[in-house]
Amino acid sequence: MTLNKITTLEQLIYNLNLGAGYSGYKNLINQIQLNPKELNELCDWMSQKHMRIGIYDTPSLEAIITYWKPGHASPIHNYNFQQGWIKVLQGSLELEYFDITEGVKDLELLDAQTITTGNFTYLNDSLGFHRFKNSGTEETIAIHIYADKITEWSVFDENTGEIKTVDTSYDKVIE
């Protein structure tokens with residue numbers, strides 16, 4: 001089944017309500033072509049380097065828009081073996097996977113990939129802890145769709161080697 005292009009948040013929410021369908025979320029995320037200029041209206045770039053905006057929130061599925069200023073990176077984290085799909089709508093994001101040992105500051109970079117405008121990747125936490133970062137020169141906007149709502153993260157503290165559990169939150173929610 002071929003989906004029409006998804007160009008508005010309303011169309012995206014409608015399609016998310018329909019579920020994965022026979023071809024799964026990979027086909028759905030491939031059809032997303034939201035206009036970054038319109039999405040910029042959701043964000044306050046002046047006050048933050050990174051924002052998480054909730055656009056769809058159920059116990060079995062979560063969708064968020066993320067905004068990244070150049071040079072900003074998330075902490076190294078995982079979501080307790082959740083899976084997700086991430087599509088970059090503007091700019092680029094680098095996704096790094098790490099092998100870590102709790103209590104040890106040293107960590108090993110296992111793999112890295114760059115996701116550029118219009119492209120997406122599948123994320124499965126069984127691959128290890130990860131970090132997103134905007135290593136480009138322009139602001140980046142991405143959409144993340146997660147199977148099962150993510151309520152907490154395991155975050156690796158690079159200074160102490162500790163792994164802490166942190167509740168997730170949104171900077172803004174679109175109702």
# chains A, B, ... in the order shown; residues from 1 in each chain; ligands from 1
>>> residues_around(residues="Gly84 in chain A", least_positions_apart="4", cutoff="12 Å", atoms="only C-alpha atoms", output="count of residues only")
26
>>> select_by_dssp(residues="chain A", states="strand (DSSP E or B)", output="PyMOL selection string")
chain A and resi 6+32+50-58+61-68+73+76-78+83-90+92-99+108-116+120-124+129-133+140-147+152-156+163-167+172-173
>>> atom_distance(atom1="CA of Leu93 in chain A", atom2="CA of Gly128 in chain A")
17.8 Å
>>> residues_around(residues="Lys172 in chain A", least_positions_apart="3", cutoff="12 Å", atoms="only C-alpha atoms", output="mmCIF file with N, CA and C atoms, in the first residue's frame")
data_model
loop_
_atom_site.group_PDB
_atom_site.id
_atom_site.type_symbol
_atom_site.label_atom_id
_atom_site.label_comp_id
_atom_site.auth_asym_id
_atom_site.auth_seq_id
_atom_site.Cartn_x
_atom_site.Cartn_y
_atom_site.Cartn_z
ATOM 1 N N LEU A 42 6.868 26.341 15.927
ATOM 2 C CA LEU A 42 6.643 25.627 17.181
ATOM 3 C C LEU A 42 7.775 25.830 18.182
ATOM 4 N N CYS A 43 8.890 26.357 17.717
ATOM 5 C CA CYS A 43 10.105 26.363 18.524
ATOM 6 C C CYS A 43 10.524 27.770 18.915
ATOM 7 N N ASP A 44 11.122 27.888 20.083
ATOM 8 C CA ASP A 44 11.718 29.129 20.549
ATOM 9 C C ASP A 44 13.237 28.957 20.498
ATOM 10 N N HIS A 50 18.164 23.008 22.289
ATOM 11 C CA HIS A 50 17.517 21.765 21.898
ATOM 12 C C HIS A 50 16.105 21.773 22.455
ATOM 13 N N MET A 51 15.146 21.308 21.665
ATOM 14 C CA MET A 51 13.766 21.214 22.142
ATOM 15 C C MET A 51 13.172 19.876 21.735
ATOM 16 N N ARG A 52 12.293 19.356 22.612
ATOM 17 C CA ARG A 52 11.505 18.157 22.337
ATOM 18 C C ARG A 52 10.034 18.565 22.404
ATOM 19 N N ILE A 53 9.350 18.434 21.274
ATOM 20 C CA ILE A 53 7.950 18.841 21.204
ATOM 21 C C ILE A 53 7.095 17.607 20.942
ATOM 22 N N GLY A 54 6.221 17.293 21.881
ATOM 23 C CA GLY A 54 5.335 16.146 21.748
ATOM 24 C C GLY A 54 4.208 16.444 20.776
ATOM 25 N N ILE A 55 4.045 15.579 19.768
ATOM 26 C CA ILE A 55 2.957 15.777 18.811
ATOM 27 C C ILE A 55 1.966 14.622 18.801
ATOM 28 N N TYR A 56 2.354 13.467 19.364
ATOM 29 C CA TYR A 56 1.453 12.314 19.422
ATOM 30 C C TYR A 56 1.890 11.471 20.604
ATOM 31 N N ILE A 64 7.578 12.737 18.354
ATOM 32 C CA ILE A 64 8.067 14.036 18.794
ATOM 33 C C ILE A 64 8.824 14.709 17.657
ATOM 34 N N ILE A 65 8.841 16.037 17.698
ATOM 35 C CA ILE A 65 9.685 16.831 16.821
ATOM 36 C C ILE A 65 10.843 17.313 17.694
ATOM 37 N N THR A 66 12.060 17.196 17.185
ATOM 38 C CA THR A 66 13.208 17.722 17.922
ATOM 39 C C THR A 66 13.875 18.816 17.100
ATOM 40 N N TYR A 67 14.375 19.814 17.809
ATOM 41 C CA TYR A 67 15.099 20.932 17.216
ATOM 42 C C TYR A 67 16.487 20.962 17.831
ATOM 43 N N SER A 169 10.666 14.169 29.307
ATOM 44 C CA SER A 169 9.741 15.295 29.337
ATOM 45 C C SER A 169 9.749 15.975 27.971
ATOM 46 N N GLU A 175 -1.388 20.032 21.097
ATOM 47 C CA GLU A 175 -2.666 19.355 21.382
ATOM 48 C C GLU A 175 -3.578 19.437 20.176
#
>>> closest_residue(among="A:Ser92, A:Asn159, A:His77, A:Thr165", to="Asp106 in chain A", atoms="only C-alpha atoms")
A:Asn159
>>> residues_around(residues="Lys133 in chain A", least_positions_apart="2", cutoff="7 Å", atoms="only C-alpha atoms", output="short mmCIF file (atom, residue, chain, number, x, y, z; two decimals) with C-alpha atoms, in the first residue's frame")
data_model
loop_
_atom_site.label_atom_id
_atom_site.label_comp_id
_atom_site.auth_asym_id
_atom_site.auth_seq_id
_atom_site.Cartn_x
_atom_site.Cartn_y
_atom_site.Cartn_z
CA GLY A 71 27.01 21.89 18.15
CA HIS A 72 24.30 20.60 20.49
CA ALA A 73 24.34 16.93 21.51
CA SER A 74 22.08 14.80 23.66
CA LEU A 93 22.08 14.61 12.81
CA GLU A 94 24.92 12.34 13.72
CA LEU A 95 23.93 9.18 15.59
CA ARG A 131 23.79 9.97 21.34
CA SER A 135 27.63 18.51 14.06
#
>>> closest_residue(among="A:Leu39, A:Ile115, A:Val173, A:Val88", to="Thr8 in chain A", atoms="only C-alpha atoms")
A:Leu39
>>> residues_around(residues="Glu102 in chain A", least_positions_apart="2", cutoff="12 Å", atoms="only C-alpha atoms", output="VMD selection string")
chain A and resid 99 to 100 104 to 107 129 154 to 164
>>> closest_residue(among="A:Asn40, A:Thr140, A:Thr168, A:Asn30", to="Asn4 in chain A", atoms="only C-alpha atoms")
A:Asn30
>>> residues_around(residues="Leu127 in chain A", least_positions_apart="5", cutoff="10 Å", atoms="only C-alpha atoms", output="ChimeraX atom specification")
/A:78,81,97-99,110-111
>>> write_last_selection(atoms="C-alpha atoms", output="compact mmCIF listing (two decimals), in the first residue's frame")
# COMPACT_ATOMS: atom_id res chain seq x y z
CA ASN A 78 19.17 4.49 25.93
CA PHE A 81 15.32 -1.48 24.59
CA TYR A 97 26.51 4.13 19.34
CA PHE A 98 28.65 3.38 22.39
CA ASP A 99 29.76 0.40 24.43
CA LEU A 110 31.05 1.36 18.25
CA ASP A 111 29.52 3.03 15.21
